[in-house]
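Here the structure comes first, spelled out in structure tokens, and everything after it is commentary.
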Number of protein chains: 2
Amino acid sequence: MGRWRPDARERLQRAAFELISERGFAATTVPEITARAGLTTRTFFRHFADKREVLFAEDAGVAAIVTELMARVPASAAPLAVVRESLRLMADTYFEERKEVLRQRRELVRCDEGLRERELRKRAAVSDAIREGFLARGLDATRATLLAETCVTLLGVSMAEWLDDDDRYLRDIVRDTFETLRAELGADGSGESNG
Amino acid sequence: MGRWRPDARERLQRAAFELISERGFAATTVPEITARAGLTTRTFFRHFADKREVLFAEDAGVAAIVTELMARVPASAAPLAVVRESLRLMADTYFEERKEVLRQRRELVRCDEGLRERELRKRAAVSDAIREGFLARGLDATRATLLAETCVTLLGVSMAEWLDDDDRYLRDIVRDTFETLRAELGADGSGESNG
DNA sequence: TACGGTGATGACATTGCGTGTCGTCACTGT
DNA sequence: ACAGTGACGACACGCAATGTCATCACCGTA
């Protein structure tokens, strides 16, 4: 062991997760977290931009993965097919392994409006990454934003259902949710009545 | 004039808007805002839950209006038709009158991540209101959430385009954006290839 | 006129988040 | 042997946000 115990970041995340699970987010102070992790308050803010971020640090890579995956799909593919394949790949290789942690975190977020805000921002970051991928493929700004946010909505709704279900796979739920939306939008035939 | 000048809330909003426009959100302190408004710091937090909220206080009514409008549409109407009519009505009677203020606020939000978080939460509140309306009409939870978030996406994308455009009406842009999404989702025919 | 209730505000104290700054010291390469 | 690097501790500080009590115009009532 060197001058300090290794894995300071992971120790902070673990300590924060435990304490917030016990007392709630607002009732947990940063000094309490760092005390359990054996570090100082100042060090906490060297690893995480603010108190909320300690629960969402792992999400930072999601947007990067999306960017990576979208760039790998052939440019000839249809826009939505690109994202669908990317989301399926992520469902299998990333989310499926973290199901239990995501379940626990959802419970923490459900009890705190501030955490919900942060979760929405993380979701927006994924949307922005998808949007950039669409723009790189030549879509106009409106379509890129529209499709990107729709994809994130699809993923979000699917994940909610996935976390409530013990048996089904996320990739299958994403596919079903996508078909549900397509049917719901297409089935409504009164879209041209402008008056 | 009574013991205190009236319109304390409005004075705070105006002072905040001016100062933040000049110096940016992070560089503006609450004492500076209250000083310009002729009030104390404590009074600021009696009117607004936190520093960000002073820029979004007017949005509180949007979700309420959505709830009101959705309840007014006949129960026999198709789900999406309900929202489309509600959004059109709001576009005409609410947003169109506030275009310039919304433009200025968007500029402030663009420069501060914290304000963007708050904007996303306000958007989520509208989504929740729409979702409740759908649930009251008998939709299952998945469809209700899916359609509600899609509606908010449509409104958001439409508003972005609307604020960039001096001539077009929001209601027309919403209609076009809806048709764009419908076409984009329906045109993609590779949705059944599950591997 | 007198009088008690109400409600918005001021004044003051306090907690905790987040940052700036400097010092310490194991690790690393040469 | 020696300077550079990088992670952490120690300390101070500004500001957001909350709790608590005092103040006093306004209002209804007798």
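Each chain of the structure tokens is named A, B, ... in the order shown, its residues numbered from 1; ligands are numbered from 1 in display order.
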Against chain B, which residues of chain A fall within 10 Å? For each one I want the closest pair of atoms and the distance in Å (one decimal), counting only C-alpha atoms, rows by chain and increasing residue number, as CSV.
residue,atom,partner,partner_atom,distance
A:Ala78,CA,B:Asp188,CA,7.1
A:Pro79,CA,B:Asp188,CA,8.4
A:Leu80,CA,B:Asp188,CA,6.9
A:Ala81,CA,B:Ser190,CA,7.1
A:Arg84,CA,B:Gly191,CA,8.7
A:Glu113,CA,B:Arg121,CA,8.7
A:Gly114,CA,B:Glu117,CA,9.3
A:Arg116,CA,B:Arg121,CA,7.8
A:Glu117,CA,B:Glu117,CA,5.6
A:Arg118,CA,B:Glu117,CA,6.7
A:Glu119,CA,B:Glu117,CA,9.0
A:Leu120,CA,B:Leu120,CA,6.4
A:Arg121,CA,B:Glu117,CA,5.7
A:Lys122,CA,B:Glu117,CA,9.4
A:Arg123,CA,B:Leu120,CA,9.9
A:Ala124,CA,B:Leu120,CA,8.4
A:Ala141,CA,B:Glu161,CA,9.5
A:Thr142,CA,B:Val157,CA,6.9
A:Arg143,CA,B:Thr180,CA,7.6
A:Thr145,CA,B:Val157,CA,7.0
A:Leu146,CA,B:Val157,CA,6.4
A:Leu147,CA,B:Leu181,CA,7.4
A:Ala148,CA,B:Thr153,CA,9.8
A:Glu149,CA,B:Thr153,CA,6.6
A:Thr150,CA,B:Thr150,CA,6.5
A:Cys151,CA,B:Thr150,CA,9.8
A:Val152,CA,B:Glu149,CA,9.9
A:Thr153,CA,B:Glu149,CA,6.6
A:Leu154,CA,B:Leu146,CA,7.2
A:Gly156,CA,B:Leu146,CA,9.0
A:Val157,CA,B:Leu146,CA,6.4
A:Ser158,CA,B:Thr142,CA,8.4
A:Ala160,CA,B:Thr142,CA,8.9
A:Glu161,CA,B:Thr142,CA,7.7
A:Arg171,CA,B:Asn194,CA,9.4
A:Asp172,CA,B:Asn194,CA,8.4
A:Arg175,CA,B:Gly191,CA,7.6
A:Asp176,CA,B:Gly191,CA,9.5
A:Thr177,CA,B:Thr142,CA,8.2
A:Phe178,CA,B:Gly191,CA,8.2
A:Glu179,CA,B:Gly191,CA,7.4
A:Thr180,CA,B:Arg143,CA,7.6
A:Leu181,CA,B:Leu146,CA,7.1
A:Arg182,CA,B:Leu185,CA,6.1
A:Ala183,CA,B:Gly186,CA,8.7
A:Glu184,CA,B:Leu147,CA,8.1
A:Leu185,CA,B:Arg182,CA,6.1
A:Gly186,CA,B:Arg182,CA,6.5
A:Ala187,CA,B:Ala78,CA,9.5
A:Asp188,CA,B:Leu80,CA,7.0
A:Gly189,CA,B:Ala81,CA,9.1
A:Ser190,CA,B:Ala81,CA,7.0
A:Gly191,CA,B:Glu179,CA,7.4
A:Glu192,CA,B:Arg175,CA,8.2
A:Ser193,CA,B:Arg175,CA,9.6
A:Asn194,CA,B:Arg175,CA,8.2
> Got a sec: who's within 12 Å of Tyr94 in chain A, counting only C-alpha atoms (C1' of nucleotides), leaving out chain neighbours fewer than 6 positions off, as a ChimeraX atom specification?
Replying inline: /A:58-59,61-62,65-66,86-88,102,170-171
> Which residues of chain A are close to chain C, meaning at most 8 Å apart when you count only C-alpha atoms (C1' of nucleotides), and how do they look as a ChimeraX atom specification?
Replying inline: /A:2-3,29,45,50
Dump of all heavy atoms for the selected residues, as a JSON list (two decimals), in the first residue's frame:
[["chain", "number", "residue", "atom", "x", "y", "z"],
["A", 2, "GLY", "N", 0.48, 2.18, -0.80],
["A", 2, "GLY", "CA", 1.26, 3.41, -0.94],
["A", 2, "GLY", "C", 0.97, 4.37, 0.20],
["A", 2, "GLY", "O", 0.65, 3.96, 1.32],
["A", 3, "ARG", "N", 1.10, 5.63, -0.11],
["A", 3, "ARG", "CA", 0.90, 6.62, 0.94],
["A", 3, "ARG", "C", -0.55, 6.63, 1.41],
["A", 3, "ARG", "O", -0.82, 6.85, 2.58],
["A", 3, "ARG", "CB", 1.29, 7.99, 0.39],
["A", 3, "ARG", "CG", 1.20, 9.07, 1.43],
["A", 3, "ARG", "CD", 1.68, 10.38, 0.86],
["A", 3, "ARG", "NE", 1.57, 11.45, 1.81],
["A", 3, "ARG", "CZ", 1.76, 12.72, 1.49],
["A", 3, "ARG", "NH1", 2.07, 13.05, 0.26],
["A", 3, "ARG", "NH2", 1.66, 13.65, 2.40],
["A", 29, "THR", "N", -24.73, 14.34, 4.90],
["A", 29, "THR", "CA", -23.79, 15.42, 4.60],
["A", 29, "THR", "C", -22.52, 14.84, 3.98],
["A", 29, "THR", "O", -22.18, 13.68, 4.20],
["A", 29, "THR", "CB", -23.43, 16.21, 5.86],
["A", 29, "THR", "OG1", -22.64, 15.38, 6.72],
["A", 29, "THR", "CG2", -24.67, 16.68, 6.58],
["A", 45, "PHE", "N", -14.82, 16.58, -3.30],
["A", 45, "PHE", "CA", -15.12, 17.48, -4.41],
["A", 45, "PHE", "C", -14.01, 17.49, -5.47],
["A", 45, "PHE", "O", -14.15, 18.14, -6.49],
["A", 45, "PHE", "CB", -15.39, 18.89, -3.89],
["A", 45, "PHE", "CG", -16.67, 18.99, -3.12],
["A", 45, "PHE", "CD1", -16.66, 19.10, -1.74],
["A", 45, "PHE", "CD2", -17.89, 18.93, -3.77],
["A", 45, "PHE", "CE1", -17.84, 19.18, -1.02],
["A", 45, "PHE", "CE2", -19.07, 19.01, -3.06],
["A", 45, "PHE", "CZ", -19.05, 19.12, -1.69],
["A", 50, "ASP", "N", -20.24, 17.76, -7.59],
["A", 50, "ASP", "CA", -21.09, 18.16, -6.48],
["A", 50, "ASP", "C", -21.64, 16.91, -5.80],
["A", 50, "ASP", "O", -21.36, 15.79, -6.22],
["A", 50, "ASP", "CB", -22.21, 19.09, -6.94],
["A", 50, "ASP", "CG", -23.06, 18.48, -8.03],
["A", 50, "ASP", "OD1", -23.43, 17.30, -7.91],
["A", 50, "ASP", "OD2", -23.35, 19.17, -9.01]]
With a cut-off of 12 Å and counting only C-alpha atoms (C1' of nucleotides), select all residues of chain D in contact with chain B and give the selection as a compact mmCIF listing (two decimals) with C-alpha atoms (C1' of nucleotides), in the first residue's frame.
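Final file, part31.txt:
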# COMPACT_ATOMS: atom_id res chain seq x y z
C1' DG D 14 -18.23 33.09 0.14
C1' DC D 15 -22.74 32.03 -0.52
C1' DA D 16 -27.16 29.23 -0.58
C1' DA D 17 -30.79 27.98 2.24
C1' DT D 18 -33.37 27.44 6.67
C1' DG D 19 -35.15 28.33 11.50
C1' DT D 23 -42.35 44.23 13.89
C1' DC D 24 -46.35 46.53 12.28
C1' DA D 25 -49.80 47.87 8.60
C1' DC D 26 -54.21 45.97 7.49
>> Which of range 11-177 of chain B end up as helix (DSSP H, G or I) when DSSP is run on this backbone - answer as a PyMOL selection string?
In response: chain B and resi 11-23+30-37+41-47+52-55+57-72+79-93+95-110+113-136+141-164+170-177
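The space separating CA of Thr67 in chain B from CA of Ile130 in chain B comes to 6.7 Å.
Taking CA of Val109 in chain A as the reference point, CA of Thr93 in chain A is found at 23.8 Å.
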Compile the contact shell of Phe17 in chain A as a PDB file with C-alpha atoms, in the first residue's frame: residues with an atom at most 10 Å away, counting only C-alpha atoms (C1' of nucleotides), same-chain residues fewer than 2 positions apart removed.
ATOM      1  CA  ARG A  11     -14.801   4.102  -1.473  1.00  0.00           C
ATOM      2  CA  LEU A  12     -16.571   7.451  -1.692  1.00  0.00           C
ATOM      3  CA  GLN A  13     -19.225   6.036  -4.009  1.00  0.00           C
ATOM      4  CA  ARG A  14     -19.821   3.053  -1.770  1.00  0.00           C
ATOM      5  CA  ALA A  15     -19.988   5.147   1.409  1.00  0.00           C
ATOM      6  CA  LEU A  19     -25.445   6.420   3.905  1.00  0.00           C
ATOM      7  CA  ILE A  20     -27.972   7.875   1.477  1.00  0.00           C
ATOM      8  CA  SER A  21     -29.831   4.570   1.452  1.00  0.00           C
ATOM      9  CA  GLU A  22     -30.058   4.710   5.232  1.00  0.00           C
ATOM     10  CA  GLY A  24     -31.911   9.812   2.524  1.00  0.00           C
ATOM     11  CA  PHE A  25     -30.004  12.214   0.290  1.00  0.00           C
ATOM     12  CA  ILE A  33     -19.635  10.387   3.575  1.00  0.00           C
ATOM     13  CA  VAL A  54     -21.463  10.769  -6.708  1.00  0.00           C
ATOM     14  CA  LEU A  55     -24.581   8.729  -7.522  1.00  0.00           C
ATOM     15  CA  VAL A 101     -27.602  -1.190  -8.707  1.00  0.00           C
ATOM     16  CA  GLN A 104     -31.466   0.687  -5.847  1.00  0.00           C
ATOM     17  CA  ARG A 105     -30.505   4.026  -7.310  1.00  0.00           C
ATOM     18  CA  LEU A 108     -33.024   6.897  -3.995  1.00  0.00           C
TER      19      LEU A 108
END
> Just how far from CA of Glu132 in chain B is CA of Ala71 in chain B, in Å to one decimal?
Replying inline: 10.2 Å
